[in-house]
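Inspection log for the structure reproduced underneath, given as structure tokens.
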Amino acid sequence: MKKIIIIGAISLFTSFFANASDGVVKHQSKYSVEETANRFEQLAINKGMTIFTRIDHAQNARNINLELRPTEVIIFGNPKIGTRLMQCSQNSAIDLPQKVLISKDAANKVWLSYNDPHYLINRHHIEGCDYVANKISNVLNKLSQDATSN
């Protein structure tokens, strides 16, 4: 069974765990880190998003003779949406473009994680931009569900 963990946000999901401190949404994947990252990347491209970069932290660790469980970050975005958030609060640009982390934990479970847009609204004291946060949240959730379970 797929688990969705919402940390620090109110959600419409029926199964979630909440922690009011760090605002990270986590989806458990049935795929490997690489396959989950590949799936997410392709889905984002198909939705017209720009993939700015993909970072393989485990490979970077191997390059300096260190070990790290599989850990990748994809930095991506859509200026049509991200710009709207920055118009509400230019300081939100520090958290944009969006990122997803795909990693394997110590129990060999693969997770796709991202910052909850509602957490960013709170972090940057943004008012009057809930519709943008909701849109971003819905898109991230759909991409994440499709990348981790379909």
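Chain labels follow the order of the structure tokens: the first chain is A, the next B, and so on; residue numbering restarts at 1 in every chain, and ligands are counted from 1 in their shown order.
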Item to check | Surrounding residues of A:Ile51 excluding itself and chain neighbours under 3 positions, 9 Å, only C-alpha atoms, as a VMD selection string | outcome: chain A and resid 41 44 to 45 54 74 to 77
Next on the checklist: Taking the DSSP secondary structure from the backbone, can you list the residues of chain A that are strand (DSSP E or B), as a ChimeraX atom specification?
Outcome noted: /A:4-6,24-29,50-56,71-77,98-104,110-115
Item to check | Contact residues around A:Asp116 with only C-alpha atoms at 6 Å, ignoring same-chain residues under 4 positions, as a list in words | outcome: Gly23, Val24 and Val25 of chain A
Can those selected residues be exported to a file as a short mmCIF file (atom, residue, chain, number, x, y, z; two decimals), in the first residue's frame so that it contains C-alpha atoms?
data_model
loop_
_atom_site.label_atom_id
_atom_site.label_comp_id
_atom_site.auth_asym_id
_atom_site.auth_seq_id
_atom_site.Cartn_x
_atom_site.Cartn_y
_atom_site.Cartn_z
CA GLY A 23 6.44 21.29 5.57
CA VAL A 24 7.60 18.33 3.48
CA VAL A 25 5.21 16.09 1.52
#
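The smallest atom-to-atom distance between A:Leu101 and any of A:Ser113, A:Val132, A:Ile81, A:Leu66, using only C-alpha atoms, is found for A:Ser113.
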Next on the checklist: Taking 5 positions as the minimum chain separation for residues in the same chain, which residues sit within 12 Å of A:Ser144 when counting only C-alpha atoms? Answer as a PyMOL selection string.
Outcome noted: chain A and resi 2-4+25-30+36-44+99-102+111-114+136-139+149-150
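Going from atom CA of A:Cys88 to atom CA of A:Leu120 covers 11.6 Å.
One finds atom CA of A:Gln145 at 28.6 Å from atom CA of A:Ala61.
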